[in-house]
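Source file structure-v5.cif; content: mmCIF, C-alpha atoms and all ligand atoms.
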```cif
data_input
loop_
_atom_site.label_atom_id
_atom_site.label_comp_id
_atom_site.auth_asym_id
_atom_site.auth_seq_id
_atom_site.Cartn_x
_atom_site.Cartn_y
_atom_site.Cartn_z
CA MET H 1 0.00 0.00 0.00
CA SER H 2 1.45 3.31 -1.03
CA THR H 3 1.67 6.08 1.56
CA LEU H 4 2.73 8.95 -0.68
CA ASN H 5 0.06 9.63 -3.29
CA ASN H 6 -0.48 13.40 -3.22
CA ILE H 7 2.69 15.07 -4.38
CA THR H 8 3.54 18.76 -4.60
CA VAL H 9 6.49 19.91 -6.65
CA LEU H 10 7.94 23.33 -5.79
CA GLY H 11 9.47 24.98 -8.85
CA SER H 12 8.20 24.20 -12.34
CA GLY H 13 11.49 24.58 -14.24
CA VAL H 14 13.50 21.91 -16.05
CA LEU H 15 13.59 19.33 -13.27
CA GLY H 16 10.43 20.26 -11.36
CA GLY H 17 8.47 19.95 -14.60
CA GLN H 18 9.90 16.50 -15.32
CA ILE H 19 9.42 15.18 -11.77
CA ALA H 20 5.82 16.41 -11.78
CA TRP H 21 5.00 14.93 -15.18
CA HIS H 22 6.67 11.59 -14.49
CA SER H 23 5.10 11.18 -11.04
CA ALA H 24 1.65 11.93 -12.53
CA PHE H 25 2.34 9.46 -15.36
CA LYS H 26 3.09 6.83 -12.71
CA GLY H 27 -0.28 7.45 -11.04
CA LYS H 28 0.42 10.12 -8.44
CA THR H 29 -1.79 13.19 -8.01
CA VAL H 30 0.53 16.14 -8.49
CA VAL H 31 0.35 19.87 -7.80
CA VAL H 32 2.98 22.03 -9.49
CA TYR H 33 3.80 25.25 -7.66
CA ASP H 34 5.82 28.19 -8.93
CA ILE H 35 6.07 31.86 -8.05
CA SER H 36 5.55 32.88 -11.65
CA GLU H 37 2.56 32.32 -13.97
CA GLU H 38 4.95 32.52 -16.90
CA ALA H 39 7.00 29.64 -15.49
CA LEU H 40 3.82 27.58 -15.02
CA ASN H 41 2.84 28.27 -18.63
CA ASN H 42 6.28 27.15 -19.81
CA CYS H 43 5.82 24.04 -17.68
CA ARG H 44 2.44 23.30 -19.31
CA GLY H 45 4.22 23.62 -22.67
CA ALA H 46 6.99 21.27 -21.51
CA HIS H 47 4.32 18.77 -20.40
CA GLN H 48 2.86 18.78 -23.93
CA GLN H 49 6.34 17.97 -25.22
CA TYR H 50 6.80 15.19 -22.65
CA ALA H 51 3.42 13.77 -23.71
CA ALA H 52 4.76 13.41 -27.26
CA ILE H 53 8.00 11.85 -25.99
CA TYR H 54 6.16 9.39 -23.72
CA LEU H 55 3.87 8.38 -26.60
CA ALA H 56 6.81 7.89 -28.95
CA ASP H 57 9.51 6.48 -26.67
CA VAL H 58 8.08 5.37 -23.32
CA GLY H 59 5.22 3.19 -24.56
CA ALA H 60 2.44 5.46 -23.24
CA THR H 61 -1.06 5.23 -24.73
CA GLU H 62 -3.32 8.23 -25.48
CA ASN H 63 -5.35 7.19 -22.43
CA ASP H 64 -2.22 7.20 -20.19
CA ILE H 65 -1.45 10.71 -21.43
CA SER H 66 -4.93 12.11 -20.81
CA GLN H 67 -4.93 10.55 -17.33
CA THR H 68 -1.51 12.06 -16.64
CA HIS H 69 -2.80 15.52 -17.62
CA ALA H 70 -5.88 14.98 -15.43
CA ARG H 71 -3.70 14.20 -12.39
CA LEU H 72 -1.76 17.48 -12.72
CA ARG H 73 -2.74 20.85 -11.24
CA TYR H 74 -0.74 24.08 -11.49
CA THR H 75 -0.82 26.98 -9.05
CA THR H 76 1.05 30.04 -7.81
CA ASP H 77 -0.69 29.80 -4.43
CA LEU H 78 1.56 28.02 -1.93
CA ALA H 79 -1.17 27.27 0.63
CA SER H 80 -3.40 25.66 -1.99
CA ALA H 81 -0.38 23.79 -3.40
CA VAL H 82 0.54 22.01 -0.19
CA PHE H 83 -2.58 21.70 1.96
CA GLU H 84 -3.08 18.00 1.22
CA ALA H 85 0.45 16.98 0.20
CA ASP H 86 1.88 13.66 1.41
CA LEU H 87 5.26 14.55 -0.09
CA VAL H 88 6.64 17.90 -1.23
CA ILE H 89 9.55 17.73 -3.67
CA GLU H 90 11.50 20.97 -3.76
CA ALA H 91 13.04 21.88 -7.14
CA VAL H 92 13.50 25.66 -6.85
CA PRO H 93 16.75 27.26 -8.08
CA GLU H 94 20.11 26.10 -6.74
CA VAL H 95 20.41 29.27 -4.64
CA PRO H 96 20.50 28.65 -0.86
CA GLU H 97 18.53 31.82 0.06
CA THR H 98 15.73 30.84 -2.32
CA LYS H 99 15.47 27.34 -0.89
CA THR H 100 15.56 28.57 2.73
CA SER H 101 12.88 31.14 2.04
CA VAL H 102 10.49 28.73 0.33
CA TYR H 103 10.86 26.19 3.17
CA GLN H 104 10.18 28.89 5.76
CA GLN H 105 7.09 30.13 3.94
CA MET H 106 5.80 26.59 3.55
CA ALA H 107 6.42 25.37 7.13
CA PRO H 108 3.23 26.80 8.72
CA LEU H 109 1.09 25.67 5.77
CA LEU H 110 1.96 21.97 5.77
CA PRO H 111 -0.12 19.13 7.24
CA GLU H 112 1.62 17.48 10.18
CA ASN H 113 2.69 14.29 8.41
CA THR H 114 3.90 15.73 5.12
CA LEU H 115 7.39 14.67 4.10
CA ILE H 116 9.74 17.01 2.22
CA ALA H 117 12.53 16.07 -0.19
CA THR H 118 15.02 18.33 -1.90
CA ASN H 119 16.13 17.79 -5.46
CA SER H 120 19.15 20.06 -4.95
CA SER H 121 22.06 19.03 -7.17
CA THR H 122 24.97 20.10 -5.02
CA LEU H 123 23.75 21.46 -1.66
CA LEU H 124 23.26 19.43 1.54
CA ALA H 125 19.85 18.85 3.12
CA ARG H 126 21.36 19.51 6.57
CA ASP H 127 21.72 23.20 5.65
CA PHE H 128 17.95 23.57 5.16
CA ALA H 129 16.65 21.05 7.71
CA GLU H 130 15.87 23.68 10.33
CA ALA H 131 14.08 25.95 7.85
CA THR H 132 11.68 23.10 6.99
CA GLY H 133 10.50 23.01 10.63
CA ARG H 134 10.44 19.18 10.42
CA PRO H 135 14.02 17.90 10.05
CA ASP H 136 13.04 14.28 10.75
CA LYS H 137 10.64 14.31 7.78
CA TYR H 138 13.19 15.77 5.36
CA CYS H 139 15.83 14.22 3.11
CA ALA H 140 17.32 14.54 -0.36
CA LEU H 141 15.72 12.81 -3.34
CA HIS H 142 17.81 13.72 -6.33
CA TYR H 143 16.63 13.09 -9.86
CA ALA H 144 18.55 13.28 -13.11
CA ASN H 145 17.59 15.31 -16.14
CA LEU H 146 15.63 13.39 -18.84
CA ILE H 147 13.89 11.45 -16.08
CA TRP H 148 12.26 8.95 -18.46
CA ILE H 149 15.66 7.65 -19.61
CA MET H 150 17.83 8.52 -16.61
CA ASN H 151 15.57 6.92 -14.02
CA LEU H 152 17.87 7.39 -11.06
CA ALA H 153 16.76 8.64 -7.65
CA GLU H 154 19.62 9.30 -5.27
CA ILE H 155 18.42 9.23 -1.68
CA MET H 156 20.49 10.85 1.03
CA ALA H 157 19.74 11.52 4.67
CA HIS H 158 20.96 14.39 6.83
CA PRO H 159 21.88 13.71 10.46
CA THR H 160 18.34 13.75 11.87
CA THR H 161 16.29 12.27 9.01
CA ALA H 162 13.99 9.58 10.42
CA GLU H 163 14.29 6.06 9.04
CA SER H 164 10.52 6.08 8.37
CA THR H 165 11.06 9.08 6.04
CA LEU H 166 13.75 7.21 4.11
CA THR H 167 11.52 4.13 3.88
CA ALA H 168 8.55 6.09 2.51
CA VAL H 169 10.68 8.07 0.07
CA THR H 170 12.47 4.93 -1.18
CA GLU H 171 9.08 3.25 -1.70
CA PHE H 172 7.87 6.31 -3.57
CA ALA H 173 10.94 6.21 -5.82
CA ILE H 174 10.30 2.59 -6.70
CA GLU H 175 6.55 3.14 -7.23
CA THR H 176 7.39 5.85 -9.76
CA GLY H 177 9.82 3.70 -11.73
CA MET H 178 13.07 5.05 -10.34
CA VAL H 179 16.15 3.04 -9.42
CA PRO H 180 16.97 4.21 -5.88
CA ILE H 181 20.64 4.94 -5.27
CA PRO H 182 21.30 5.09 -1.51
CA VAL H 183 24.08 7.54 -0.64
CA GLN H 184 25.79 6.17 2.44
CA LYS H 185 27.43 9.35 3.70
CA GLU H 186 26.45 12.96 3.16
CA GLN H 187 28.26 14.26 0.12
CA ASN H 188 27.70 17.40 -1.94
CA GLY H 189 26.65 16.12 -5.34
CA TYR H 190 25.74 12.59 -4.20
CA VAL H 191 27.19 9.96 -6.56
CA LEU H 192 26.11 11.41 -9.90
CA ASN H 193 27.15 15.04 -9.52
CA SER H 194 30.40 14.11 -7.80
CA TRP H 195 31.64 13.27 -11.27
CA PHE H 196 29.10 15.03 -13.50
CA VAL H 197 29.67 18.60 -12.22
CA PRO H 198 33.49 18.38 -12.55
CA LEU H 199 33.00 16.95 -16.05
CA LEU H 200 30.80 19.84 -17.20
CA ASN H 201 32.97 22.40 -15.41
CA SER H 202 36.12 21.04 -17.08
CA ALA H 203 34.46 21.22 -20.49
CA GLN H 204 33.31 24.77 -19.76
CA THR H 205 36.87 25.69 -18.72
CA LEU H 206 38.15 24.51 -22.12
CA VAL H 207 35.60 26.79 -23.81
CA THR H 208 36.03 29.77 -21.44
CA ASN H 209 39.81 29.68 -21.85
CA GLY H 210 39.63 29.24 -25.62
CA ILE H 211 41.40 25.87 -25.56
CA SER H 212 38.84 24.12 -27.73
CA THR H 213 35.40 24.52 -29.27
CA PRO H 214 32.21 22.93 -27.89
CA GLU H 215 31.98 20.69 -30.98
CA GLU H 216 35.59 19.42 -30.61
CA ILE H 217 35.14 18.83 -26.88
CA ASP H 218 31.97 16.85 -27.48
CA ARG H 219 33.52 14.98 -30.41
CA THR H 220 36.43 13.92 -28.17
CA PHE H 221 34.09 12.73 -25.46
CA MET H 222 31.79 10.90 -27.87
CA ILE H 223 34.66 9.04 -29.55
CA ALA H 224 36.15 8.15 -26.16
CA ASN H 225 32.69 6.91 -25.04
CA ARG H 226 31.45 5.33 -28.27
CA GLY H 227 27.70 4.88 -28.29
CA CYS H 228 26.88 7.76 -25.97
CA GLU H 229 24.38 10.33 -27.18
CA ARG H 230 26.13 13.64 -26.49
CA GLY H 231 29.23 15.22 -25.02
CA PRO H 232 29.56 17.59 -22.05
CA CYS H 233 28.58 20.78 -23.91
CA GLY H 234 25.47 19.04 -25.24
CA MET H 235 24.86 17.82 -21.67
CA MET H 236 25.05 21.43 -20.48
CA ASP H 237 22.24 22.30 -22.91
CA VAL H 238 20.15 19.51 -21.43
CA VAL H 239 20.86 20.58 -17.83
CA GLY H 240 19.94 24.15 -18.77
CA MET H 241 22.23 27.19 -18.73
CA LYS H 242 20.55 28.69 -15.64
CA THR H 243 21.45 25.72 -13.43
CA ALA H 244 24.89 25.35 -15.08
CA HIS H 245 25.51 29.01 -14.21
CA ASP H 246 24.14 28.80 -10.65
CA VAL H 247 26.32 25.79 -9.81
CA CYS H 248 29.51 27.47 -11.10
CA ALA H 249 28.65 30.79 -9.43
CA TYR H 250 27.87 29.20 -6.05
CA TRP H 251 30.80 26.77 -5.88
CA GLY H 252 33.17 29.35 -7.39
CA GLU H 253 32.29 31.65 -4.52
CA VAL H 254 32.36 28.97 -1.79
CA ASN H 255 35.67 27.46 -2.92
CA ASN H 256 37.25 30.73 -3.99
CA ASP H 257 37.69 29.14 -7.40
CA ASP H 258 38.42 31.86 -9.97
CA GLN H 259 38.11 29.50 -12.92
CA MET H 260 34.63 28.41 -11.84
CA LEU H 261 33.62 32.06 -11.42
CA ALA H 262 34.99 32.82 -14.90
CA ASN H 263 32.94 29.90 -16.21
CA ALA H 264 29.81 31.32 -14.56
CA ALA H 265 30.53 34.73 -16.11
CA TYR H 266 30.99 33.12 -19.53
CA VAL H 267 27.64 31.32 -19.30
CA GLN H 268 25.95 34.52 -18.10
CA ALA H 269 27.33 36.67 -20.93
CA ASN H 270 27.07 34.18 -23.78
CA PHE H 271 23.79 32.48 -22.91
CA LEU H 272 21.65 33.90 -20.08
CA ASP H 273 22.03 37.54 -21.14
CA LYS H 274 20.88 36.51 -24.62
CA GLY H 275 17.90 34.48 -23.39
CA LEU H 276 19.52 31.20 -24.50
CA LEU H 277 18.70 28.66 -21.80
CA GLY H 278 19.73 25.49 -23.63
CA LEU H 279 17.48 22.69 -24.88
CA GLN H 280 14.41 24.16 -23.16
CA THR H 281 14.51 27.29 -25.35
CA GLY H 282 15.84 25.53 -28.46
CA LYS H 283 19.35 26.97 -28.28
CA GLY H 284 22.39 26.73 -26.05
CA TYR H 285 25.70 25.44 -27.32
CA TYR H 286 23.67 23.77 -30.05
CA GLN H 287 20.50 24.53 -31.98
CA TYR H 288 17.53 22.15 -31.40
CA PRO H 289 15.97 20.04 -32.74
CA ASN H 290 18.65 18.18 -34.71
CA PRO H 291 21.75 19.46 -32.89
CA ALA H 292 25.04 19.11 -34.80
CA TYR H 293 26.20 16.25 -32.55
CA MET H 294 23.34 14.10 -33.82
CA ALA H 295 24.46 14.40 -37.45
CA ASP H 296 25.61 11.12 -39.01
CA ASP H 297 29.06 12.48 -39.80
CA PHE H 298 29.75 14.21 -36.44
CA LEU H 299 32.31 11.55 -35.45
CA ALA H 300 33.53 10.76 -38.95
CA VAL H 301 37.12 11.15 -40.15
CA PRO H 302 36.97 14.48 -42.02
CA ASP H 303 37.61 14.99 -45.68
CA LYS H 304 41.07 16.33 -46.50
CA SER H 305 39.43 19.53 -47.79
CA LYS H 306 38.88 20.40 -44.09
CA VAL H 307 42.61 20.52 -43.30
CA SER H 308 42.98 24.30 -43.56
CA GLU H 309 39.98 24.78 -41.21
CA ILE H 310 41.53 22.37 -38.70
CA VAL H 311 44.97 23.96 -38.94
CA ALA H 312 43.43 27.39 -38.35
CA LEU H 313 42.24 26.09 -34.97
CA THR H 314 45.57 24.42 -34.20
CA LYS H 315 48.22 27.01 -35.02
CA PRO H 316 49.63 29.25 -32.27
CA ALA H 317 47.63 32.38 -31.55
CA GLU H 318 49.16 35.59 -32.95
N1 LIG N 1 18.63 20.99 -14.45
C1 LIG N 1 19.12 19.83 -14.06
O1 LIG N 1 19.68 19.05 -14.85
C2 LIG N 1 18.97 19.37 -12.62
C3 LIG N 1 19.15 18.00 -12.33
C4 LIG N 1 18.96 17.57 -11.00
C5 LIG N 1 18.64 18.47 -10.03
N2 LIG N 1 18.47 19.80 -10.34
C6 LIG N 1 18.15 20.72 -9.25
O2 LIG N 1 16.76 21.01 -9.29
C7 LIG N 1 16.56 22.34 -8.80
C8 LIG N 1 15.86 23.14 -9.88
O3 LIG N 1 16.69 23.16 -11.02
P1 LIG N 1 16.10 23.46 -12.47
O4 LIG N 1 17.20 23.15 -13.43
O5 LIG N 1 14.78 22.82 -12.64
O6 LIG N 1 15.93 25.06 -12.36
P2 LIG N 1 15.09 26.06 -13.29
O7 LIG N 1 15.79 27.35 -13.20
O8 LIG N 1 14.83 25.44 -14.62
O9 LIG N 1 13.67 26.14 -12.52
C9 LIG N 1 13.49 26.68 -11.26
C10 LIG N 1 12.03 27.13 -11.13
O10 LIG N 1 11.82 27.55 -9.78
C11 LIG N 1 11.00 28.70 -9.82
N3 LIG N 1 11.17 29.44 -8.58
C12 LIG N 1 12.07 30.41 -8.26
N4 LIG N 1 11.90 30.81 -6.98
C13 LIG N 1 10.87 30.07 -6.50
C14 LIG N 1 10.20 30.02 -5.26
N5 LIG N 1 10.57 30.80 -4.24
N6 LIG N 1 9.16 29.17 -5.13
C15 LIG N 1 8.78 28.38 -6.15
N7 LIG N 1 9.36 28.37 -7.34
C16 LIG N 1 10.40 29.21 -7.51
C17 LIG N 1 11.41 29.45 -11.08
O11 LIG N 1 10.39 30.35 -11.50
C18 LIG N 1 11.66 28.30 -12.04
O12 LIG N 1 10.49 27.97 -12.75
C19 LIG N 1 17.94 22.90 -8.43
O13 LIG N 1 18.18 22.67 -7.07
C20 LIG N 1 18.86 22.06 -9.29
O14 LIG N 1 20.15 21.97 -8.73
C21 LIG N 1 18.61 20.26 -11.63
#
```

Starting from the coordinates I provided, produce the structure as structure tokens.
Amino acid sequence: MSTLNNITVLGSGVLGGQIAWHSAFKGKTVVVYDISEEALNNCRGAHQQYAAIYLADVGATENDISQTHARLRYTTDLASAVFEADLVIEAVPEVPETKTSVYQQMAPLLPENTLIATNSSTLLARDFAEATGRPDKYCALHYANLIWIMNLAEIMAHPTTAESTLTAVTEFAIETGMVPIPVQKEQNGYVLNSWFVPLLNSAQTLVTNGISTPEEIDRTFMIANRGCERGPCGMMDVVGMKTAHDVCAYWGEVNNDDQMLANAAYVQANFLDKGLLGLQTGKGYYQYPNPAYMADDFLAVPDKSKVSEIVALTKPAE
């Protein structure tokens, strides 16, 4: 018997939108909350796109899709979003002040037994436990982008998470088709982002410092990992430039890491300031649909007519 059926997702961006859609597809009743009507409208649009993907690639029927839509509600009213939630999944921006403030606003509105999980990519639940007002009912439940393919749910406690919370959240993960990955010790970035964030940051460093182009970086990665679908710059588009920026800006500041701060500034100037958010807006490092890395010849040995182009990128700078 499932205990967590009414789910509220805070934040209707890239990940919140996917978690909400997928949980509704798996039979949960889901409320999507955001502070902005515009964000909710974008989320409705994303849900139409996910419907097409689930029909084409996930084996969903038209009936599954209409039931999924019927199980979703969207609101900018926090009280109405959470008043009957069994589980609230927080997916607001990776900015500590934003997370703390939303937990504090929500605390007096929640039913007594509601559990809360954070989808934060790199922050620790312990830093927000007090703000939730219910530390024992709070843990991390971290999803990966493209939830229907990357069906991972990393579950991590903070020092006072109750075992009953972990049990219910692990059951919920399994009920919604996720493979639970228990994280045995608290770690910023869990398992996935402990290697994924450094990978994306290293690729961004190569671009920021003019060492290589996004296409060459991705080509290198995709040849070294034959069969994979994209390289790190393409992955950045999927993550979304806003989150890529926030992670570099936050950890650059915390670790006094000038390169990471330069990477954040690069993403701000070249993408965010131009309204290019990555896959979700159709353009980031690549143009979508049909990004260059999906072309048949992306990994092919080039024709010799390309030599002068290649040499132009190789020769010492003047
Ligand atoms: N993008 C990814 O690949 C990814 C993967 C795993 C986890 N995450 C994590 O999920 C969280 C959200 O990331 P995202 O990429 O979906 O971000 P996003 O920028 O796409 O979306 C964030 C949403 O939160 C909304 N928001 C801002 N302040 C809010 C508030 N006070 N209350 C409610 N909503 C608010 C924004 O309007 C926006 O719609 C972050 O903690 C991020 O680290 C992201």

Counting all atoms listed in the file, name the residues that have an atom within 6 Å of an atom of ligand LIG 1 (chain N); the answer should be given as a compact mmCIF listing (two decimals) with C-alpha atoms, keeping the file's coordinate frame.
```
# COMPACT_ATOMS: atom_id res chain seq x y z
CA LEU H 10 7.94 23.33 -5.79
CA GLY H 11 9.47 24.98 -8.85
CA SER H 12 8.20 24.20 -12.34
CA GLY H 13 11.49 24.58 -14.24
CA VAL H 14 13.50 21.91 -16.05
CA LEU H 15 13.59 19.33 -13.27
CA GLY H 16 10.43 20.26 -11.36
CA ASP H 34 5.82 28.19 -8.93
CA ILE H 35 6.07 31.86 -8.05
CA SER H 36 5.55 32.88 -11.65
CA ALA H 39 7.00 29.64 -15.49
CA ALA H 91 13.04 21.88 -7.14
CA VAL H 92 13.50 25.66 -6.85
CA PRO H 93 16.75 27.26 -8.08
CA GLU H 94 20.11 26.10 -6.74
CA THR H 98 15.73 30.84 -2.32
CA VAL H 102 10.49 28.73 0.33
CA ASN H 119 16.13 17.79 -5.46
CA SER H 120 19.15 20.06 -4.95
CA SER H 121 22.06 19.03 -7.17
CA TYR H 143 16.63 13.09 -9.86
CA ALA H 144 18.55 13.28 -13.11
CA ASN H 145 17.59 15.31 -16.14
CA VAL H 239 20.86 20.58 -17.83
CA GLY H 240 19.94 24.15 -18.77
CA LYS H 242 20.55 28.69 -15.64
CA THR H 243 21.45 25.72 -13.43
```

**Prompt:** Of the candidates H:Val82, H:Met294, H:Ala265, H:Ala140, which shows the shortest atom-to-atom distance to Pro180 (chain H), using all atoms listed in the file?
**Reply:**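 Result for the nearest residue to Pro180 (chain H): H:Ala140.
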
**Item:** Interatomic distance (Å, one decimal) between CA of Val30 (chain H) and CA of Val9 (chain H)
**Value:** 7.3 Å

**Request:** Excluding Asn201 (chain H) and residues on its chain fewer than 6 positions from it, collect all residues at most 12 Å away from it, counting all atoms listed in the file, and give them as a PyMOL selection string.
**Result:** chain H and resi 193-195+207-209+232-233+235-236+244-249+251-252+257+259-264+266-267

**Asked** Interatomic distance between CA of Tyr33 (chain H) and CA of Ile19 (chain H)?
**Response**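 Separation between CA of Tyr33 (chain H) and CA of Ile19 (chain H): 12.2 Å.
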
**Message:** For a quick check of understanding, using all atoms listed in the file, which of H:Gln105, H:Thr176, H:Thr170, H:Asn63 has the smallest distance to Trp148 (chain H)?
**Reply:**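 The answer is H:Thr176, which sits nearest to Trp148 (chain H).
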
Show me a table, sorted first by chain and then by increasing residue number, of the residues of region 151-269 of chain H having an atom at most 10 Å from region 22-27 of chain H, each with its shortest atom pair and the distance in Å to one decimal, counting only C-alpha atoms and written as a Markdown table.
```
| residue | atom | partner | partner_atom | distance |
| --- | --- | --- | --- | --- |
| H:Phe172 | CA | H:Ser23 | CA | 9.3 |
| H:Ala173 | CA | H:Ser23 | CA | 9.3 |
| H:Glu175 | CA | H:Lys26 | CA | 7.5 |
| H:Thr176 | CA | H:Lys26 | CA | 5.3 |
| H:Gly177 | CA | H:Lys26 | CA | 7.5 |
```

**Prompt:** Can you find the residues with an atom no farther than 6 Å from (2.4, 9.8, -5.6), counting all atoms listed in the file, and report them as number ranges by chain?
**Reply:** H: 4-7, 28-29

How would the residues just picked look written out with C-alpha atoms as a JSON list (two decimals), keeping the file's coordinate frame?
```json
[["chain", "number", "residue", "atom", "x", "y", "z"],
["H", 4, "LEU", "CA", 2.73, 8.95, -0.68],
["H", 5, "ASN", "CA", 0.06, 9.63, -3.29],
["H", 6, "ASN", "CA", -0.48, 13.40, -3.22],
["H", 7, "ILE", "CA", 2.69, 15.07, -4.38],
["H", 28, "LYS", "CA", 0.42, 10.12, -8.44],
["H", 29, "THR", "CA", -1.79, 13.19, -8.01]]
```

**Item:** Using all atoms listed in the file: which of H:Leu200, H:Ala46, H:Leu72, H:Val32 has the shortest distance to Thr281 (chain H)
**Value:** H:Ala46

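Distances to Lys137 (chain H) were evaluated for H:Glu186, H:Asp297, H:Glu171, H:Glu163 using all atoms listed in the file, and the minimum falls at H:Glu163.
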
**Prompt:** Quick one: residues within 6 Å of Leu87 (chain H), all atoms listed in the file counted, chain neighbours fewer than 6 positions away excluded, as a VMD selection string?
**Reply:** chain H and resid 7 114 to 116

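Taking CA of Leu299 (chain H) and CA of Tyr54 (chain H) as endpoints, the distance between them is 28.7 Å.
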
**Asked** Which residue, H:Asn225, H:Thr160, H:Thr122, H:Asn290, has the smallest gap to Val254 (chain H) when you use all atoms listed in the file?
**Response** H:Thr122

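Proximity to Thr100 (chain H) at 9 Å, evaluated using all atoms listed in the file and with sequence-adjacent residues fewer than 2 positions away removed, yields Val95, Pro96, Glu97, Thr98, Val102, Tyr103, Gln104, Gln105, Asp127, Phe128, Ala131 and Thr132 of chain H.
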
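The nearest approach to His47 (chain H) among the residues H:Ser308, H:Asp77, H:Gln280, H:Val191, with all atoms listed in the file taken into account, belongs to H:Gln280.
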